$ cat structure-v8.txt   # compact mmCIF, C-alpha atoms
# COMPACT_ATOMS: atom_id res chain seq x y z
CA MET A 1429 -3.72 32.40 1.30
CA GLN A 1430 -4.35 33.52 -2.27
CA THR A 1431 -1.86 32.86 -5.05
CA ASP A 1432 -1.03 36.55 -5.44
CA GLU A 1433 -0.15 36.71 -1.73
CA ARG A 1434 2.08 33.64 -2.05
CA SER A 1435 3.80 35.15 -5.07
CA HIS A 1436 4.32 38.41 -3.15
CA VAL A 1437 6.45 36.80 -0.46
CA GLY A 1438 8.14 34.73 -3.16
CA LEU A 1439 9.07 37.84 -5.12
CA LEU A 1440 10.46 39.44 -1.97
CA LEU A 1441 12.57 36.37 -1.22
CA ARG A 1442 13.81 36.24 -4.79
CA ASP A 1443 14.74 39.91 -4.59
CA TRP A 1444 16.77 39.30 -1.44
CA ARG A 1445 18.44 36.24 -3.02
CA GLN A 1446 19.43 38.21 -6.10
CA ARG A 1447 20.63 41.10 -3.96
CA ARG A 1448 22.93 38.65 -2.17
CA LYS A 1449 24.04 37.25 -5.56
CA LEU A 1450 23.08 33.68 -4.62
CA SER A 1451 21.75 31.04 -6.99
CA GLN A 1452 18.67 29.04 -6.05
CA LEU A 1453 20.91 25.99 -5.66
CA HIS A 1454 23.29 27.78 -3.29
CA LEU A 1455 20.49 29.16 -1.11
CA ALA A 1456 18.61 25.85 -1.08
CA LEU A 1457 21.73 24.04 0.13
CA LYS A 1458 22.36 26.64 2.85
CA ALA A 1459 18.73 26.51 4.03
CA GLY A 1460 18.42 22.74 3.91
CA THR A 1461 15.68 22.61 1.29
CA SER A 1462 15.37 21.58 -2.34
CA THR A 1463 15.88 23.81 -5.34
CA ARG A 1464 12.46 22.74 -6.60
CA HIS A 1465 10.71 23.84 -3.40
CA LEU A 1466 12.57 27.14 -3.36
CA SER A 1467 11.61 27.74 -6.98
CA CYS A 1468 7.97 27.02 -6.15
CA VAL A 1469 8.11 29.46 -3.23
CA GLU A 1470 9.61 32.21 -5.36
CA THR A 1471 7.05 31.77 -8.13
CA GLY A 1472 4.09 31.54 -5.73
CA ARG A 1473 3.25 27.91 -6.46
CA ALA A 1474 3.99 26.94 -2.84
CA ARG A 1475 3.41 28.64 0.47
CA PRO A 1476 6.52 28.63 2.68
CA SER A 1477 6.08 27.70 6.32
CA ARG A 1478 6.83 30.26 9.00
CA GLU A 1479 10.00 28.35 9.85
CA MET A 1480 11.07 28.29 6.20
CA VAL A 1481 10.60 32.05 5.86
CA LEU A 1482 12.74 32.65 8.93
CA ARG A 1483 15.38 30.15 7.81
CA LEU A 1484 15.68 31.69 4.36
CA ALA A 1485 15.77 35.18 5.86
CA GLU A 1486 18.58 34.17 8.20
CA HIS A 1487 20.73 32.74 5.42
CA LEU A 1488 20.00 35.79 3.28
CA GLU A 1489 21.06 38.05 6.16
CA VAL A 1490 17.81 39.98 5.96
CA PRO A 1491 17.54 42.77 8.59
CA LEU A 1492 15.05 42.03 11.38
CA ARG A 1493 12.70 44.79 10.26
CA ASP A 1494 12.45 43.19 6.83
CA ARG A 1495 12.12 39.69 8.28
CA ASN A 1496 8.90 40.88 9.92
CA GLY A 1497 7.84 42.17 6.51
CA LEU A 1498 8.51 38.80 4.91
CA LEU A 1499 6.43 37.06 7.59
CA LEU A 1500 3.54 39.47 7.05
CA ALA A 1501 3.76 38.94 3.28
CA ALA A 1502 3.55 35.18 3.87
CA GLY A 1503 0.49 35.56 6.11
CA TYR A 1504 2.22 35.16 9.49
CA ALA A 1505 2.53 37.46 12.48
CA PRO A 1506 5.86 39.27 13.02
CA VAL A 1507 8.15 37.68 15.60
CA TYR A 1508 10.61 40.51 16.28
CA ARG A 1509 9.61 43.29 18.66
CA GLU A 1510 10.41 46.95 18.02
CA THR A 1511 10.88 48.33 21.53
CA PRO A 1512 11.26 52.10 22.06
CA LEU A 1513 14.71 52.96 23.35
CA ASP A 1514 13.24 55.01 26.20
CA SER A 1515 11.10 52.13 27.52
CA ASP A 1516 11.77 50.30 30.79
CA ARG A 1517 12.59 47.17 28.81
CA MET A 1518 15.54 48.98 27.25
CA ALA A 1519 17.03 50.26 30.52
CA MET A 1520 19.93 47.80 30.32
CA VAL A 1521 20.63 48.85 26.73
CA ARG A 1522 20.64 52.54 27.66
CA ALA A 1523 23.03 51.80 30.51
CA ALA A 1524 25.37 49.95 28.14
CA LEU A 1525 25.30 52.81 25.64
CA SER A 1526 25.91 55.38 28.36
CA SER A 1527 28.87 53.38 29.61
CA MET A 1528 30.37 53.12 26.12
CA LEU A 1529 29.94 56.82 25.40
CA ALA A 1530 31.35 57.97 28.73
CA GLY A 1531 34.15 55.41 28.64
CA HIS A 1532 35.32 56.68 25.25
CA GLU A 1533 36.07 60.16 26.57
CA PRO A 1534 38.03 62.25 25.77
CA TYR A 1535 37.44 60.96 22.23
CA PRO A 1536 34.18 61.64 20.33
CA ALA A 1537 31.49 58.94 20.06
CA ALA A 1538 27.85 58.86 19.03
CA VAL A 1539 24.95 56.42 18.96
CA ILE A 1540 23.41 56.17 15.49
CA ASP A 1541 20.42 54.37 14.00
CA ARG A 1542 19.98 52.55 10.70
CA ILE A 1543 19.68 55.77 8.65
CA TRP A 1544 22.64 57.45 10.33
CA ASP A 1545 20.59 59.71 12.59
CA VAL A 1546 22.45 60.61 15.78
CA ILE A 1547 20.52 59.26 18.76
CA ASP A 1548 22.99 60.43 21.41
CA PHE A 1549 26.60 61.45 21.84
CA ASN A 1550 29.26 62.08 24.45
CA ARG A 1551 30.78 65.40 25.51
CA ALA A 1552 33.78 65.09 23.24
CA MET A 1553 31.52 64.88 20.19
CA SER A 1554 30.92 68.61 20.54
CA VAL A 1555 34.37 69.22 19.04
CA LEU A 1556 32.73 68.26 15.73
CA LEU A 1557 29.10 69.27 16.32
CA ASP A 1558 30.07 72.80 17.41
CA LEU A 1559 31.47 73.39 13.91
CA VAL A 1560 28.10 73.04 12.15
CA PRO A 1561 25.07 75.38 12.15
CA PRO A 1562 21.93 74.54 14.19
CA HIS A 1563 19.85 73.58 11.14
CA LEU A 1564 22.05 70.49 10.74
CA THR A 1565 21.65 69.35 14.34
CA ASP A 1566 18.12 70.46 15.27
CA PRO A 1567 16.00 68.47 15.84
CA THR A 1568 18.19 65.51 14.80
CA ALA A 1569 21.69 65.39 13.41
CA ASN A 1570 22.44 62.94 10.61
CA VAL A 1571 26.01 61.77 10.13
CA MET A 1572 25.87 61.83 6.33
CA ARG A 1573 24.38 65.33 6.26
CA LEU A 1574 26.91 66.54 8.82
CA ILE A 1575 29.76 65.34 6.61
CA LEU A 1576 28.43 66.15 3.14
CA HIS A 1577 26.21 69.22 3.47
CA PRO A 1578 28.04 72.34 2.19
CA ASP A 1579 27.31 74.04 5.53
CA GLY A 1580 28.56 71.04 7.49
CA LEU A 1581 31.92 69.56 8.36
CA GLY A 1582 32.96 69.60 4.71
CA SER A 1583 33.79 73.30 4.94
CA HIS A 1584 36.26 72.45 7.73
CA CYS A 1585 37.50 69.18 6.24
CA LEU A 1586 41.03 69.23 4.84
CA ASN A 1587 40.49 66.06 2.77
CA PHE A 1588 36.84 66.54 1.86
CA ALA A 1589 36.99 64.86 -1.56
CA GLU A 1590 38.42 61.67 -0.10
CA VAL A 1591 35.94 61.66 2.80
CA ARG A 1592 33.01 62.40 0.47
CA ALA A 1593 33.89 59.53 -1.88
CA HIS A 1594 34.19 57.13 1.04
CA ALA A 1595 30.94 58.25 2.71
CA LEU A 1596 28.91 58.07 -0.50
CA GLY A 1597 30.34 54.68 -1.38
CA ARG A 1598 29.54 53.34 2.04
CA LEU A 1599 26.00 54.71 1.98
CA LEU A 1600 25.31 53.39 -1.52
CA HIS A 1601 26.58 49.93 -0.59
CA GLN A 1602 24.37 49.91 2.50
CA ALA A 1603 21.32 51.04 0.50
CA ASN A 1604 21.91 48.35 -2.14
CA ALA A 1605 22.56 45.62 0.42
CA THR A 1606 19.45 46.33 2.49
CA GLY A 1607 17.02 47.67 -0.09
CA ASP A 1608 16.07 50.28 2.52
CA ARG A 1609 14.05 53.05 0.88
CA ASP A 1610 15.06 55.60 3.53
CA LEU A 1611 18.73 54.90 2.91
CA ARG A 1612 18.23 55.19 -0.83
CA GLU A 1613 16.49 58.55 -0.40
CA LEU A 1614 19.26 59.74 1.90
CA TYR A 1615 21.88 58.71 -0.66
CA GLU A 1616 20.04 60.52 -3.46
CA GLU A 1617 19.80 63.63 -1.29
CA VAL A 1618 23.39 63.87 -0.06
CA SER A 1619 24.96 62.80 -3.36
CA GLU A 1620 23.45 65.93 -4.91
CA TYR A 1621 25.01 68.29 -2.37
CA PRO A 1622 27.53 70.66 -3.92
CA ALA A 1623 31.00 70.85 -2.44
CA PRO A 1624 31.62 73.69 0.01
CA PRO A 1625 32.91 76.85 -1.68
CA GLY A 1626 36.54 76.54 -2.66
CA VAL A 1627 36.67 72.81 -1.85
CA ALA A 1628 37.37 70.21 -4.53
CA ALA A 1629 34.77 67.44 -4.85
CA GLU A 1630 36.83 65.03 -6.94
CA PRO A 1631 38.81 62.58 -4.79
CA ALA A 1632 42.58 62.70 -4.95
CA CYS A 1633 44.67 59.57 -5.40
CA VAL A 1634 44.27 57.10 -2.56
CA ASP A 1635 47.31 56.84 -0.30
CA PRO A 1636 48.73 53.35 -1.04
CA MET A 1637 50.32 53.33 2.42
CA GLY A 1638 47.09 54.28 4.19
CA ILE A 1639 45.08 51.80 6.28
CA VAL A 1640 41.91 53.86 6.82
CA VAL A 1641 40.32 56.97 5.33
CA PRO A 1642 41.04 59.73 7.85
CA LEU A 1643 38.76 62.63 8.75
CA ARG A 1644 41.02 65.70 8.94
CA ILE A 1645 39.19 68.65 10.45
CA GLY A 1646 40.29 72.21 11.13
CA THR A 1647 38.95 73.21 14.55
CA PRO A 1648 39.45 76.25 16.83
CA TYR A 1649 41.87 74.07 18.80
CA GLY A 1650 43.96 73.11 15.78
CA VAL A 1651 43.85 70.48 13.03
CA MET A 1652 42.51 67.14 14.26
CA SER A 1653 42.67 63.83 12.42
CA PHE A 1654 40.34 60.93 13.23
CA PHE A 1655 39.45 57.43 12.15
CA SER A 1656 36.30 55.69 13.32
CA MET A 1657 35.07 52.26 14.35
CA ILE A 1658 31.43 51.12 14.45
CA THR A 1659 30.18 48.76 17.17
CA THR A 1660 26.87 46.90 17.03
CA PHE A 1661 25.01 44.66 19.47
CA GLY A 1662 25.65 40.93 19.18
CA ALA A 1663 22.74 38.56 18.41
CA PRO A 1664 19.93 41.14 18.61
CA GLU A 1665 16.34 39.85 18.72
CA ASP A 1666 14.69 43.29 18.75
CA VAL A 1667 14.35 45.54 15.69
CA THR A 1668 15.39 48.69 17.59
CA LEU A 1669 18.45 47.01 19.06
CA SER A 1670 19.49 45.52 15.71
CA GLU A 1671 19.50 49.00 14.14
CA LEU A 1672 21.60 50.75 16.80
CA ALA A 1673 25.34 51.26 16.52
CA VAL A 1674 28.04 53.28 18.24
CA GLU A 1675 30.46 55.17 16.01
CA ALA A 1676 33.61 55.87 18.00
CA PHE A 1677 36.28 58.25 16.77
CA PHE A 1678 39.96 57.77 17.57
CA PRO A 1679 42.90 60.15 17.09
CA MET A 1680 45.06 59.42 14.06
CA ASP A 1681 48.11 61.11 15.57
CA ARG A 1682 49.58 62.25 18.86
CA SER A 1683 48.81 65.91 18.27
CA THR A 1684 45.09 65.16 17.95
CA GLU A 1685 45.19 63.05 21.09
CA ALA A 1686 46.95 65.83 22.98
CA LEU A 1687 44.41 68.42 21.81
CA LEU A 1688 41.47 66.24 22.87
CA ARG A 1689 42.98 65.52 26.29
CA CYS A 1690 43.80 69.17 26.86
CA ARG A 1691 40.28 70.15 25.86
CA ALA A 1692 38.81 67.60 28.28
CA ALA A 1693 41.09 68.73 31.10
CA THR A 1694 39.88 72.32 30.76
CA GLY A 1695 36.25 71.20 30.83
CA ASP A 1696 35.49 72.55 27.36
CA GLY A 1697 32.53 71.16 25.45
CA GLY A 1698 29.11 69.82 26.31
CA GLY A 1699 27.41 66.53 25.64
CA GLY A 1700 24.26 64.48 25.46
CA LEU A 1701 24.83 61.26 27.38
CA VAL A 1702 22.07 58.65 27.34
CA LYS A 1703 19.98 58.84 30.49
$ encode --input "structure-v8.txt" --output "structure tokens"
Amino acid sequence: MQTDERSHVGLLLRDWRQRRKLSQLHLALKAGTSTRHLSCVETGRARPSREMVLRLAEHLEVPLRDRNGLLLAAGYAPVYRETPLDSDRMAMVRAALSSMLAGHEPYPAAVIDRIWDVIDFNRAMSVLLDLVPPHLTDPTANVMRLILHPDGLGSHCLNFAEVRAHALGRLLHQANATGDRDLRELYEEVSEYPAPPGVAAEPACVDPMGIVVPLRIGTPYGVMSFFSMITTFGAPEDVTLSELAVEAFFPMDRSTEALLRCRAATGDGGGGLVK
């Protein structure tokens, strides 16, 4: 391996260390190596072993996709597969996702990927998706665009400024923590969206008694208020699996719960369950 190649992986590791706000001493102690060796790796004076790259990446909480990139930069083959979700190998995963989506009825839930694209959703999710025009859902809906685009849910959101501030803060934090170029581009895009006509974009004072930021939406069935939880797979060893999550929405009040249950009982709404 040439010196410039060694320095490339070293620069990447240093970037991840600085992103995590760790000193060389702190990282060296966590990874069971010396500060001197780590310094030599970062400056390109030493070539890290495959095991050292993986160990440093683990302690730096580097996403699996980027761990493969670090290995390639160090001259090693990637170790984490990226298996298509529709492959036979992922049948068990699809079954688990289908079970989670169906089991969450009559509340909305969706499967999302690392850049907030909606991979699939349950029938109840249509209570939100039916409020937005086709150009925001075809061919692929994106959660951040659905919330922040002036044609999206923002025009129906009763606390848009608060929701916008929370969504942008969350997306920016994720982009900074991962260094993901796609997330950065998504943030730059949606942060430039104007507020829907007649809707304030500046957040109001945060409710000191609140425990979550609610999503309050005016629907044809009445005003609904939601909070959400995100579930990820434990101990993933596949890039695709590590980047999947389920965002599940729950009613914030009894009236929202009653509206959702009534809607489900009448068979209203469609869905896109994982096959």
$ atom_distance --input "structure-v8.txt" --atom1 "CA of Arg1475 (chain A)" --atom2 "CA of His1436 (chain A)"
10.5 Å
$ closest_residue --input "structure-v8.txt" --among "A:Ala1538, A:Leu1466, A:Leu1600, A:Leu1581" --to "Leu1559 (chain A)" --atoms "all atoms listed in the file"
A:Leu1581
$ atom_distance --input "structure-v8.txt" --atom1 "CA of His1584 (chain A)" --atom2 "CA of Phe1549 (chain A)"
20.3 Å
$ closest_residue --input "structure-v8.txt" --among "A:Val1667, A:Met1680, A:Leu1688, A:Leu1614" --to "Gly1650 (chain A)" --atoms "only C-alpha atoms"
A:Leu1688
$ residues_around --input "structure-v8.txt" --residues "Thr1606 (chain A)" --least-positions-apart "2" --cutoff "8 Å" --atoms "all atoms listed in the file" --output "PyMOL selection string"
chain A and resi 1490-1491+1602-1604+1608
$ residues_around --input "structure-v8.txt" --residues "His1601 (chain A)" --least-positions-apart "4" --cutoff "10 Å" --atoms "all atoms listed in the file" --output "list in words"
Ala1595, Leu1596, Gly1597, Ala1605, Thr1606, Gly1607, Leu1611, Arg1612 and Tyr1615 of chain A
$ residues_around --input "structure-v8.txt" --residues "region 1675-1678 of chain A" --least-positions-apart "5" --cutoff "10 Å" --atoms "all atoms listed in the file" --output "ChimeraX atom specification"
/A:1528-1529,1532-1540,1544,1546,1549-1550,1552-1553,1571,1642-1643,1653-1660,1684-1685
$ axis_aligned_box --input "structure-v8.txt" --around "region 1681-1689 of chain A" --padding-each-side "6 Å" --output "AutoDock Vina command-line options"
--center_x 45.5 --center_y 64.8 --center_z 20.9 --size_x 20.1 --size_y 19.3 --size_z 22.7
$ atom_distance --input "structure-v8.txt" --atom1 "CA of Glu1489 (chain A)" --atom2 "CA of Ala1663 (chain A)"
12.4 Å
$ residues_near_point --input "structure-v8.txt" --point "(34.1, 62.0, -1.5)" --cutoff "12 Å" --atoms "only C-alpha atoms" --output "VMD selection string"
chain A and resid 1572 1575 to 1577 1582 1585 to 1599 1618 to 1623 1627 to 1634 1641 to 1643
$ closest_residue --input "structure-v8.txt" --among "A:Arg1478, A:His1487, A:Arg1517, A:His1465" --to "Ala1505 (chain A)" --atoms "only C-alpha atoms"
A:Arg1478
$ closest_residue --input "structure-v8.txt" --among "A:Val1555, A:Val1560, A:Met1652, A:Met1480" --to "Pro1578 (chain A)" --atoms "only C-alpha atoms"
A:Val1560
$ closest_residue --input "structure-v8.txt" --among "A:Asp1494, A:Asp1666, A:Glu1671, A:Asp1681" --to "Tyr1508 (chain A)" --atoms "all atoms listed in the file"
A:Asp1666
$ residues_around --input "structure-v8.txt" --residues "His1454 (chain A)" --least-positions-apart "6" --cutoff "12 Å" --atoms "all atoms listed in the file" --output "PyMOL selection string"
chain A and resi 1445-1446+1448+1460-1463+1466+1484+1487-1488
$ write_last_selection --input "structure-v8.txt" --atoms "C-alpha atoms" --output "PDB file, in the frame of the given file"
ATOM      1  CA  ARG A1445      18.440  36.240  -3.020  1.00  0.00           C
ATOM      2  CA  GLN A1446      19.430  38.210  -6.100  1.00  0.00           C
ATOM      3  CA  ARG A1448      22.930  38.650  -2.170  1.00  0.00           C
ATOM      4  CA  GLY A1460      18.420  22.740   3.910  1.00  0.00           C
ATOM      5  CA  THR A1461      15.680  22.610   1.290  1.00  0.00           C
ATOM      6  CA  SER A1462      15.370  21.580  -2.340  1.00  0.00           C
ATOM      7  CA  THR A1463      15.880  23.810  -5.340  1.00  0.00           C
ATOM      8  CA  LEU A1466      12.570  27.140  -3.360  1.00  0.00           C
ATOM      9  CA  LEU A1484      15.680  31.690   4.360  1.00  0.00           C
ATOM     10  CA  HIS A1487      20.730  32.740   5.420  1.00  0.00           C
ATOM     11  CA  LEU A1488      20.000  35.790   3.280  1.00  0.00           C
TER      12      LEU A1488
END
$ closest_residue --input "structure-v8.txt" --among "A:Arg1551, A:Leu1439, A:Glu1510, A:Pro1624" --to "Ala1692 (chain A)" --atoms "all atoms listed in the file"
A:Arg1551
